[in-house]
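S.K.: File name entry00.csv; file contents CSV, C-alpha atoms; full text below.
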```csv
chain,number,residue,atom,x,y,z
L,7,MET,CA,-80.3,43.6,6.0
L,8,ILE,CA,-79.8,47.0,7.7
L,9,ASP,CA,-76.3,46.4,9.0
L,10,VAL,CA,-76.2,48.9,11.8
L,11,LEU,CA,-79.5,47.5,13.3
L,12,GLY,CA,-79.2,43.8,12.4
L,13,VAL,CA,-82.7,43.8,10.9
L,14,ALA,CA,-84.2,43.1,7.5
L,15,ARG,CA,-86.4,46.2,7.2
L,16,PRO,CA,-85.6,49.9,7.6
L,17,ILE,CA,-88.2,50.4,10.3
L,18,VAL,CA,-87.5,51.3,14.0
L,19,GLN,CA,-90.3,51.5,16.5
L,20,ALA,CA,-89.5,54.4,18.8
L,21,PRO,CA,-88.8,53.5,22.4
L,22,MET,CA,-91.6,55.7,23.9
L,23,ALA,CA,-91.1,55.1,27.7
L,24,GLY,CA,-94.5,54.4,29.3
L,25,VAL,CA,-96.1,53.3,25.9
L,26,SER,CA,-93.8,50.7,24.5
L,27,THR,CA,-94.2,47.2,25.8
L,28,PRO,CA,-92.5,43.8,25.4
L,29,ALA,CA,-95.4,42.7,23.2
L,30,LEU,CA,-95.1,45.8,20.9
L,31,ALA,CA,-91.3,45.5,20.6
L,32,ALA,CA,-91.4,41.8,19.9
L,33,ALA,CA,-94.1,42.1,17.3
L,34,VAL,CA,-92.2,44.8,15.4
L,35,SER,CA,-88.9,42.8,15.6
L,36,ASN,CA,-90.7,39.6,14.5
L,37,ALA,CA,-92.1,41.5,11.5
L,38,GLY,CA,-88.6,42.5,10.4
L,39,GLY,CA,-88.1,45.9,12.0
L,40,LEU,CA,-86.4,46.9,15.2
L,41,GLY,CA,-88.7,46.9,18.2
L,42,SER,CA,-87.7,49.1,21.1
L,43,LEU,CA,-88.2,49.4,24.9
L,44,GLY,CA,-88.0,52.7,26.7
L,45,ILE,CA,-86.8,52.1,30.2
L,46,GLY,CA,-86.0,55.7,31.3
L,47,SER,CA,-89.1,55.7,33.6
L,48,SER,CA,-88.6,52.2,34.9
L,49,THR,CA,-86.8,50.8,37.9
L,50,VAL,CA,-83.9,48.5,37.2
L,51,ALA,CA,-86.1,45.5,38.3
L,52,GLN,CA,-88.9,46.6,36.0
L,53,ALA,CA,-86.5,47.2,33.1
L,54,GLY,CA,-84.8,43.8,33.5
L,55,ALA,CA,-88.2,42.0,33.6
L,56,ALA,CA,-89.3,43.9,30.4
L,57,ILE,CA,-86.1,42.9,28.6
L,58,ALA,CA,-86.5,39.2,29.7
L,59,GLU,CA,-90.2,39.2,28.6
L,60,THR,CA,-89.3,40.7,25.2
L,61,ARG,CA,-86.5,38.1,24.7
L,62,ALA,CA,-89.1,35.4,25.5
L,63,LEU,CA,-91.3,36.7,22.7
L,64,THR,CA,-88.7,37.2,20.0
L,65,GLY,CA,-85.3,35.8,19.0
L,66,LYS,CA,-84.8,38.9,16.8
L,67,PRO,CA,-82.8,42.0,17.7
L,68,PHE,CA,-84.4,44.8,19.7
L,69,ASN,CA,-83.4,48.1,21.2
L,70,VAL,CA,-83.4,49.3,24.8
L,71,ASN,CA,-83.4,53.1,25.3
L,72,VAL,CA,-82.1,55.0,28.4
L,73,PHE,CA,-82.2,58.7,29.4
L,74,CYS,CA,-78.8,60.4,29.7
L,75,HIS,CA,-79.9,63.7,31.1
L,76,GLU,CA,-77.9,65.7,33.6
L,77,PRO,CA,-79.4,65.4,37.1
L,78,ALA,CA,-81.8,68.3,38.0
L,79,ARG,CA,-80.2,71.5,39.3
L,80,ARG,CA,-82.3,72.2,42.4
L,81,ASP,CA,-83.7,75.7,42.6
L,82,ALA,CA,-86.0,76.1,45.6
L,83,ALA,CA,-87.4,79.4,44.5
L,84,ARG,CA,-88.1,78.2,40.9
L,85,GLU,CA,-89.7,75.0,42.2
L,86,ALA,CA,-91.9,76.9,44.7
L,87,ALA,CA,-93.0,79.4,42.1
L,88,TRP,CA,-94.0,76.6,39.7
L,89,LEU,CA,-96.0,74.9,42.5
L,90,ARG,CA,-97.7,78.2,43.3
L,91,HIS,CA,-98.6,78.5,39.6
L,92,LEU,CA,-100.1,75.1,39.5
L,93,ALA,CA,-102.0,75.5,42.8
L,94,PRO,CA,-105.3,76.5,41.1
L,95,LEU,CA,-105.3,73.3,39.1
L,96,PHE,CA,-104.7,71.2,42.2
L,97,ALA,CA,-107.5,73.0,44.0
L,98,GLU,CA,-109.9,72.6,41.0
L,99,PHE,CA,-109.3,68.8,41.0
L,100,GLY,CA,-109.7,68.6,44.8
L,101,VAL,CA,-106.2,67.4,45.6
L,102,GLU,CA,-103.5,68.8,47.8
L,103,PRO,CA,-100.4,70.1,45.9
L,104,PRO,CA,-97.1,68.5,47.0
L,105,VAL,CA,-94.9,70.3,49.5
L,106,GLY,CA,-92.0,69.8,47.2
L,107,LEU,CA,-91.0,68.1,44.0
L,108,GLN,CA,-89.0,64.9,43.6
L,109,GLU,CA,-86.6,63.8,40.9
L,110,ILE,CA,-88.7,60.8,39.8
L,111,TYR,CA,-86.5,59.6,37.0
L,112,ARG,CA,-82.9,58.7,37.6
L,113,SER,CA,-80.4,59.5,34.8
L,114,PHE,CA,-78.5,56.6,33.3
L,115,LEU,CA,-75.4,58.7,33.8
L,116,GLY,CA,-75.3,57.9,37.5
L,117,ASP,CA,-77.2,54.6,37.6
L,118,ASP,CA,-74.6,51.9,38.1
L,119,ALA,CA,-77.3,49.2,38.7
L,120,ALA,CA,-79.0,49.9,35.3
L,121,PHE,CA,-75.6,49.8,33.6
L,122,ARG,CA,-74.7,46.5,35.1
L,123,MET,CA,-78.2,45.1,34.2
L,124,LEU,CA,-77.8,46.1,30.6
L,125,LEU,CA,-74.4,44.6,30.4
L,126,ASP,CA,-75.7,41.3,31.8
L,127,ALA,CA,-78.8,41.4,29.6
L,128,ARG,CA,-76.9,42.3,26.4
L,129,PRO,CA,-79.7,43.5,24.2
L,130,ALA,CA,-78.7,43.8,20.5
L,131,VAL,CA,-79.0,47.6,20.6
L,132,VAL,CA,-78.9,50.2,23.3
L,133,SER,CA,-79.8,53.8,22.5
L,134,PHE,CA,-79.3,57.0,24.4
L,135,HIS,CA,-81.6,60.0,24.7
L,136,PHE,CA,-80.7,63.5,26.1
L,137,GLY,CA,-77.0,63.0,25.7
L,138,LEU,CA,-74.3,60.3,26.0
L,139,PRO,CA,-72.9,58.2,28.8
L,140,GLY,CA,-69.2,58.2,29.8
L,141,ALA,CA,-66.5,56.7,27.6
L,142,ASP,CA,-66.1,53.8,30.0
L,143,ARG,CA,-69.7,52.7,29.6
L,144,ILE,CA,-69.6,53.1,25.8
L,145,ALA,CA,-66.4,51.0,25.7
L,146,ALA,CA,-68.0,48.3,27.9
L,147,PHE,CA,-71.1,48.1,25.7
L,148,ARG,CA,-68.9,47.8,22.6
L,149,ALA,CA,-66.8,45.0,24.3
L,150,ALA,CA,-70.1,43.2,25.0
L,151,GLY,CA,-71.0,43.3,21.3
L,152,ILE,CA,-73.9,45.8,21.8
L,153,ARG,CA,-74.6,48.2,19.0
L,154,MET,CA,-75.2,51.8,20.2
L,155,LEU,CA,-77.4,54.7,18.9
L,156,ALA,CA,-78.0,58.2,20.2
L,157,THR,CA,-80.4,60.9,19.4
L,158,ALA,CA,-79.2,64.2,17.8
L,159,THR,CA,-81.2,67.3,17.0
L,160,ASN,CA,-78.4,69.2,15.4
L,161,LEU,CA,-75.0,68.8,13.8
L,162,ALA,CA,-73.0,69.5,16.9
L,163,GLU,CA,-74.7,66.7,18.8
L,164,ALA,CA,-74.3,64.3,15.9
L,165,ARG,CA,-70.6,65.1,15.7
L,166,ALA,CA,-70.3,64.3,19.5
L,167,ILE,CA,-72.0,61.0,18.9
L,168,ALA,CA,-69.6,60.2,16.1
L,169,ALA,CA,-66.6,61.2,18.2
L,170,ALA,CA,-67.8,58.9,21.0
L,171,GLY,CA,-67.6,55.9,18.7
L,172,LEU,CA,-71.3,55.0,18.5
L,173,ASP,CA,-72.8,53.0,15.6
L,174,GLY,CA,-75.5,55.3,14.4
L,175,ILE,CA,-77.5,58.5,14.9
L,176,VAL,CA,-81.2,59.0,15.4
L,177,ALA,CA,-81.8,62.3,13.6
L,178,GLN,CA,-84.8,63.8,15.5
L,179,GLY,CA,-86.6,66.5,13.6
L,180,ILE,CA,-88.8,69.1,15.2
L,181,GLU,CA,-91.9,67.2,14.0
L,182,ALA,CA,-91.3,64.4,16.5
L,183,GLY,CA,-93.6,63.6,19.4
L,184,GLY,CA,-92.4,63.1,22.9
L,185,HIS,CA,-89.2,64.5,24.4
L,186,ARG,CA,-86.8,66.4,22.2
L,187,GLY,CA,-83.5,64.7,22.6
L,188,MET,CA,-81.3,67.8,22.8
L,189,PHE,CA,-78.3,67.4,25.0
L,190,ASP,CA,-78.7,70.8,26.6
L,191,PRO,CA,-82.3,72.0,26.9
L,192,GLY,CA,-81.1,75.5,27.7
L,193,ALA,CA,-79.2,75.9,24.4
L,194,ALA,CA,-80.6,77.6,21.4
L,195,ASP,CA,-82.6,75.2,19.2
L,196,GLU,CA,-82.7,75.8,15.5
L,197,ARG,CA,-85.7,73.4,15.4
L,198,LEU,CA,-84.6,71.7,12.2
L,199,SER,CA,-87.1,69.6,10.3
L,200,THR,CA,-86.5,65.9,9.9
L,201,SER,CA,-85.6,66.3,6.2
L,202,VAL,CA,-83.2,69.1,6.7
L,203,LEU,CA,-81.5,67.4,9.7
L,204,VAL,CA,-81.2,64.1,7.8
L,205,ARG,CA,-79.5,65.7,4.8
L,206,LEU,CA,-77.2,67.7,7.0
L,207,LEU,CA,-76.1,64.7,9.0
L,208,VAL,CA,-75.8,62.4,6.0
L,209,THR,CA,-73.5,64.8,4.2
L,210,ARG,CA,-71.5,66.0,7.2
L,211,VAL,CA,-71.2,63.1,9.6
L,212,GLY,CA,-69.8,59.7,8.8
L,213,LEU,CA,-72.3,57.5,10.6
L,214,PRO,CA,-75.5,55.8,9.5
L,215,VAL,CA,-78.5,58.1,10.1
L,216,ILE,CA,-82.0,57.0,11.2
L,217,ALA,CA,-84.7,59.6,10.4
L,218,ALA,CA,-87.2,60.4,13.2
L,219,GLY,CA,-90.0,62.9,13.4
L,220,GLY,CA,-93.4,63.1,11.5
L,221,ILE,CA,-93.0,59.8,9.7
L,222,MET,CA,-96.2,57.9,9.7
L,223,ASP,CA,-96.4,55.7,6.6
L,224,GLY,CA,-94.4,53.9,4.0
L,225,ALA,CA,-94.2,56.9,1.7
L,226,GLY,CA,-92.6,58.9,4.6
L,227,ILE,CA,-90.1,56.1,5.1
L,228,ARG,CA,-89.2,56.0,1.4
L,229,ALA,CA,-88.7,59.8,1.5
L,230,ALA,CA,-86.3,59.4,4.4
L,231,LEU,CA,-84.4,56.7,2.6
L,232,ASP,CA,-84.2,58.9,-0.5
L,233,LEU,CA,-82.6,61.6,1.6
L,234,GLY,CA,-79.9,59.2,2.6
L,235,ALA,CA,-81.2,57.7,5.9
L,236,VAL,CA,-80.6,54.0,6.4
L,237,ALA,CA,-83.9,53.6,8.3
L,238,ALA,CA,-86.8,55.6,9.8
L,239,GLN,CA,-87.9,55.6,13.4
L,240,LEU,CA,-91.7,55.9,14.0
L,241,GLY,CA,-93.3,56.5,17.4
L,242,THR,CA,-96.7,58.0,17.1
L,243,ALA,CA,-97.5,55.6,14.3
L,244,PHE,CA,-97.4,52.7,16.8
L,245,ILE,CA,-99.3,54.2,19.7
L,246,LEU,CA,-102.7,52.9,18.5
L,247,CYS,CA,-101.4,49.3,18.1
L,248,PRO,CA,-103.2,47.1,20.6
L,249,GLU,CA,-99.8,46.0,21.9
L,250,SER,CA,-99.0,49.5,23.2
L,251,ALA,CA,-99.6,50.5,26.8
L,252,ALA,CA,-101.6,53.6,25.7
L,253,ASN,CA,-104.8,53.9,27.8
L,254,ALA,CA,-108.3,54.5,26.5
L,255,GLY,CA,-108.0,58.3,27.0
L,256,TYR,CA,-104.8,58.5,25.1
L,257,ARG,CA,-106.3,56.5,22.2
L,258,GLU,CA,-109.4,58.6,22.2
L,259,ARG,CA,-107.4,61.8,21.9
L,260,LEU,CA,-105.2,60.4,19.2
L,261,THR,CA,-108.2,59.5,17.1
L,262,GLY,CA,-110.1,62.7,17.9
L,263,PRO,CA,-110.3,66.2,16.4
L,264,ASP,CA,-107.4,67.4,18.6
L,265,ALA,CA,-104.9,64.9,17.3
L,266,GLY,CA,-103.3,67.5,15.0
L,267,VAL,CA,-103.1,70.2,17.7
L,268,THR,CA,-99.7,69.5,19.3
L,269,ARG,CA,-97.3,71.7,21.1
L,270,LEU,CA,-93.6,71.5,21.9
L,271,THR,CA,-93.4,72.7,25.4
L,272,PRO,CA,-91.4,72.2,28.7
L,273,VAL,CA,-94.5,72.6,30.8
L,274,LEU,CA,-95.3,69.0,31.3
L,275,SER,CA,-91.9,67.7,32.3
L,276,GLY,CA,-89.4,70.5,32.5
L,277,ARG,CA,-87.8,69.6,29.1
L,278,PRO,CA,-89.1,70.4,25.6
L,279,ALA,CA,-91.5,67.7,24.5
L,280,ARG,CA,-94.3,67.5,21.9
L,281,GLY,CA,-97.8,66.3,22.9
L,282,ILE,CA,-101.5,67.0,22.2
L,283,VAL,CA,-102.4,70.3,23.9
L,284,ASN,CA,-104.1,69.8,27.2
L,285,ARG,CA,-105.3,71.8,30.2
L,286,LEU,CA,-101.9,71.8,31.9
L,287,ILE,CA,-100.1,73.0,28.8
L,288,THR,CA,-102.6,75.8,28.4
L,289,HIS,CA,-102.3,76.8,32.0
L,290,GLY,CA,-98.6,76.5,32.1
L,291,GLU,CA,-98.1,78.6,29.0
L,292,ALA,CA,-100.5,81.4,29.9
L,293,PRO,CA,-99.1,84.9,29.8
L,294,GLY,CA,-97.1,85.6,32.9
L,295,SER,CA,-96.5,82.0,33.8
L,296,PRO,CA,-93.1,81.3,35.5
L,297,SER,CA,-90.6,78.9,34.0
L,298,PRO,CA,-91.4,75.2,34.9
L,299,ALA,CA,-89.2,73.4,37.4
L,300,ALA,CA,-86.3,71.5,35.9
L,301,TYR,CA,-86.7,68.0,34.4
L,302,PRO,CA,-87.9,65.7,35.8
L,303,LEU,CA,-89.1,67.7,38.8
L,304,ALA,CA,-91.8,69.4,36.8
L,305,TYR,CA,-92.9,65.9,35.7
L,306,ASP,CA,-93.5,65.0,39.3
L,307,ALA,CA,-96.2,67.7,39.5
L,308,ALA,CA,-97.6,66.9,36.1
L,309,LYS,CA,-98.1,63.2,37.0
L,310,ARG,CA,-99.9,64.1,40.2
L,311,LEU,CA,-102.2,66.3,38.2
L,312,GLN,CA,-102.7,63.6,35.6
L,313,ALA,CA,-103.7,61.2,38.3
L,314,ALA,CA,-106.3,63.7,39.4
L,315,SER,CA,-107.7,64.5,35.9
L,316,ASP,CA,-107.1,63.1,32.4
L,317,THR,CA,-107.4,66.7,31.1
L,318,CYS,CA,-103.8,67.1,32.3
L,319,ALA,CA,-102.4,63.8,30.9
L,320,ALA,CA,-99.3,63.8,28.8
L,321,HIS,CA,-100.5,62.5,25.5
L,322,TRP,CA,-97.2,62.6,23.5
L,323,ALA,CA,-97.7,62.8,19.8
L,324,GLY,CA,-95.9,64.1,16.7
L,325,GLN,CA,-97.2,66.4,14.1
L,326,GLY,CA,-98.2,63.5,11.9
L,327,ALA,CA,-100.6,62.2,14.6
L,328,PRO,CA,-103.8,62.4,12.5
L,329,LEU,CA,-102.3,59.8,10.3
L,330,ALA,CA,-102.1,57.2,13.0
L,331,ARG,CA,-103.8,53.8,12.4
L,332,ALA,CA,-105.2,51.3,14.8
L,333,LEU,CA,-103.6,48.2,13.5
L,334,PRO,CA,-101.8,45.3,15.2
L,335,ALA,CA,-98.1,46.0,15.1
L,336,ALA,CA,-97.3,43.2,12.7
L,337,ASP,CA,-100.0,44.4,10.3
L,338,LEU,CA,-98.8,48.0,10.6
L,339,VAL,CA,-95.2,46.9,9.7
L,340,ALA,CA,-96.6,44.9,6.7
L,341,ALA,CA,-98.6,48.0,5.6
L,342,LEU,CA,-95.5,50.2,6.0
L,343,ILE,CA,-93.4,47.9,3.9
L,344,ALA,CA,-96.1,47.7,1.2
L,345,GLU,CA,-96.4,51.5,1.1
L,346,MET,CA,-92.6,51.9,1.1
L,347,GLU,CA,-92.3,49.6,-1.9
L,348,ALA,CA,-95.2,51.3,-3.7
L,349,ALA,CA,-93.4,54.6,-3.3
L,350,ARG,CA,-90.2,53.3,-4.7
L,351,PRO,CA,-89.0,55.5,-7.6
L,352,GLY,CA,-90.1,54.0,-10.9
L,353,ARG,CA,-93.1,52.2,-9.5
L,354,ALA,CA,-96.4,53.1,-11.1
```
Give the structure from this file in structure tokens form.
M.R.:
Amino acid sequence: MIDVLGVARPIVQAPMAGVSTPALAAAVSNAGGLGSLGIGSSTVAQAGAAIAETRALTGKPFNVNVFCHEPARRDAAREAAWLRHLAPLFAEFGVEPPVGLQEIYRSFLGDDAAFRMLLDARPAVVSFHFGLPGADRIAAFRAAGIRMLATATNLAEARAIAAAGLDGIVAQGIEAGGHRGMFDPGAADERLSTSVLVRLLVTRVGLPVIAAGGIMDGAGIRAALDLGAVAAQLGTAFILCPESAANAGYRERLTGPDAGVTRLTPVLSGRPARGIVNRLITHGEAPGSPSPAAYPLAYDAAKRLQAASDTCAAHWAGQGAPLARALPAADLVAALIAEMEAARPGRA
């Protein structure tokens, strides 16, 4: 039993907003790991329904993840410059660019309705990405018996998580797909690998550490455990599961020759995130390009372009993407467990 998670196996399915589903989370939890829902891009009603559906599919613990980013600092000149830069793409795909950009995802920091919904729903675990909520919300979750995790990309963030009284740290290495969980996207980033970050946090911070980033099979999980992690969080490894919400285009790219060509970039959303290189990334990172609009304003433009052409779609993936397997979630967890046991020291 992994005490901090309340599960039998040291496997966490990453939340992956927009990709994780109740069926995926429940299948992983039923198989002995910790399934997760990412609700950062959902309305409160959608999130509540997803939690209820997951609970109907499993009696095991599961995790609900929220975004704790600072609201976007509006900068009219920066936003206008970004839209001008994207104008050729909008024209190419035959759609009108927006007049302005909207803050499409609300931060949990100021979302009282989402907070009340989670308190009422009481999932076994709630996790935070991009930062931490206020002490009052942390205290309320603790009083409700909810375990709490948060993502750290460096030692300072991990120490802040420990000081806030959370139960564990998701150590996100530079290899990870999706959004980098750094508290301040404008701060210098040492881009620590998963292995370096895990060892640093295990030896310097007194909380259980969950390794995340580039882990795709049981041997990778065993390596993380050998470094001192209590569990490993895998995201890209679960995208090809039939229970995920990944569409056909996403699945095709993840099984194609470009799966190993990923980029950590703020172009798609306004925050650093790793995905398979696409037309929008190439255009947005061309020499002379202006800085993207702030998160999630840039994401508003990206999603409009994605709706016009799949060549601009955000196909989040970590550096281990070529190792992804198209297996039902329960079968994948079983394979991970078998591989993890086979990689145990002393096993032939």
S.K.: Please work out which residues fall within 7 Å of (-97.8, 54.8, 26.1), coordinates as given in the file, with all atoms listed in the file counting, and return them as a PyMOL selection string.
M.R.: chain L and resi 22-26+245+250-252
S.K.: Mind giving me the straight-line distance from atom CA of Ala243 of chain L to atom CA of Ala177 of chain L in Å, one decimal?
M.R.: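 If I compute the distance from atom CA of Ala243 of chain L to atom CA of Ala177 of chain L, I get 17.1 Å.
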S.K.: May I have the residues within 12 Å of Val10 of chain L as a ChimeraX atom specification, using all atoms listed in the file and disregarding those fewer than 2 positions away in the same chain?
M.R.: /L:7-8,12-16,18,40,67,69,130-132,152-155,172-176,213-216,235-237
S.K.: Smallest atom-to-atom distance to Gly38 of chain L: which of L:Pro296, L:Ala314, L:Ala149, L:Gln19, using all atoms listed in the file?
M.R.: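 Looking only at the distances to Gly38 of chain L, the closest residue turns out to be L:Gln19.
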S.K.: Compile a residue-level contact table for segment 210-285 of chain L against segment 185-203 of chain L at a cut-off of 9 Å, reporting for every qualifying residue the shortest atom pair and its distance in Å to one decimal, with all atoms listed in the file counted, rows ordered by chain and ascending number, as a tab-separated table.
M.R.:
```
residue	atom	partner	partner_atom	distance
L:Ala217	CA	L:Thr200	CA	6.6
L:Ala218	CA	L:Thr200	CA	6.5
L:Gly219	CA	L:Thr200	CA	5.8
L:Gly220	CA	L:Thr200	CA	7.6
L:Ile221	CA	L:Thr200	CA	8.9
L:Ala229	CA	L:Ser201	CA	8.6
L:Ala230	CA	L:Ser201	CA	7.2
L:Leu233	CA	L:Ser201	CA	7.2
L:Leu270	CA	L:Arg186	CA	8.5
L:Ser275	CA	L:His185	CA	8.9
L:Arg277	CA	L:Pro191	CA	6.4
L:Pro278	CA	L:Arg186	CA	5.7
L:Ala279	CA	L:His185	CA	3.9
L:Arg280	CA	L:His185	CA	6.4
L:Gly281	CA	L:His185	CA	8.9
```
S.K.: Do a neighbour search on Pro139 of chain L at 8 Å with all atoms listed in the file, toss out local chain neighbours closer than 5 positions, and write the hits as a PyMOL selection string.
M.R.: chain L and resi 74+114-115+134+144
S.K.: Kindly save the residues from that selection, with C-alpha atoms included, as a short mmCIF file (atom, residue, chain, number, x, y, z; two decimals), in the coordinates of the input.
M.R.:
```cif
data_model
loop_
_atom_site.label_atom_id
_atom_site.label_comp_id
_atom_site.auth_asym_id
_atom_site.auth_seq_id
_atom_site.Cartn_x
_atom_site.Cartn_y
_atom_site.Cartn_z
CA CYS L 74 -78.80 60.40 29.70
CA PHE L 114 -78.50 56.60 33.30
CA LEU L 115 -75.40 58.70 33.80
CA PHE L 134 -79.30 57.00 24.40
CA ILE L 144 -69.60 53.10 25.80
#
```
S.K.: Each residue of segment 177-250 of chain L lying at most 8 Å from segment 331-338 of chain L should get a row with its shortest atom-to-atom pair and the distance in Å to one decimal, counting all atoms listed in the file; could you produce that, ordered by chain and increasing number, as JSON lines?
M.R.:
```
{"residue": "L:Ala243", "atom": "CA", "partner": "L:Arg331", "partner_atom": "CA", "distance": 6.8}
{"residue": "L:Phe244", "atom": "CA", "partner": "L:Ala335", "partner_atom": "CA", "distance": 6.9}
{"residue": "L:Leu246", "atom": "CA", "partner": "L:Ala332", "partner_atom": "CA", "distance": 4.7}
{"residue": "L:Cys247", "atom": "CA", "partner": "L:Pro334", "partner_atom": "CA", "distance": 5.0}
{"residue": "L:Pro248", "atom": "CA", "partner": "L:Pro334", "partner_atom": "CA", "distance": 5.9}
{"residue": "L:Glu249", "atom": "CA", "partner": "L:Ala335", "partner_atom": "CA", "distance": 7.0}
```
S.K.: Report, in Å with one decimal, the straight-line distance from atom CA of Arg148 of chain L to atom CA of His75 of chain L.
M.R.: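 Atom CA of Arg148 of chain L sits 21.1 Å away from atom CA of His75 of chain L.
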S.K.: Neighbours of Lys66 of chain L within 8 Å (all atoms listed in the file; same-chain residues fewer than 6 positions away dropped), as a VMD selection string?
M.R.: chain L and resid 13 32 35 to 36
S.K.: Could you check the closest approach to Ala168 of chain L for each of L:Leu138, L:Asp264, L:Phe147, L:Pro129 and tell me which residue wins, using only C-alpha atoms?
M.R.: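 Of L:Leu138, L:Asp264, L:Phe147, L:Pro129, the one nearest Ala168 of chain L, counting only C-alpha atoms, is L:Leu138.
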S.K.: If I take atom CA of Ser295 of chain L and atom CA of Gly255 of chain L, how far is one from the other in Å, to one decimal?
M.R.: 27.2 Å
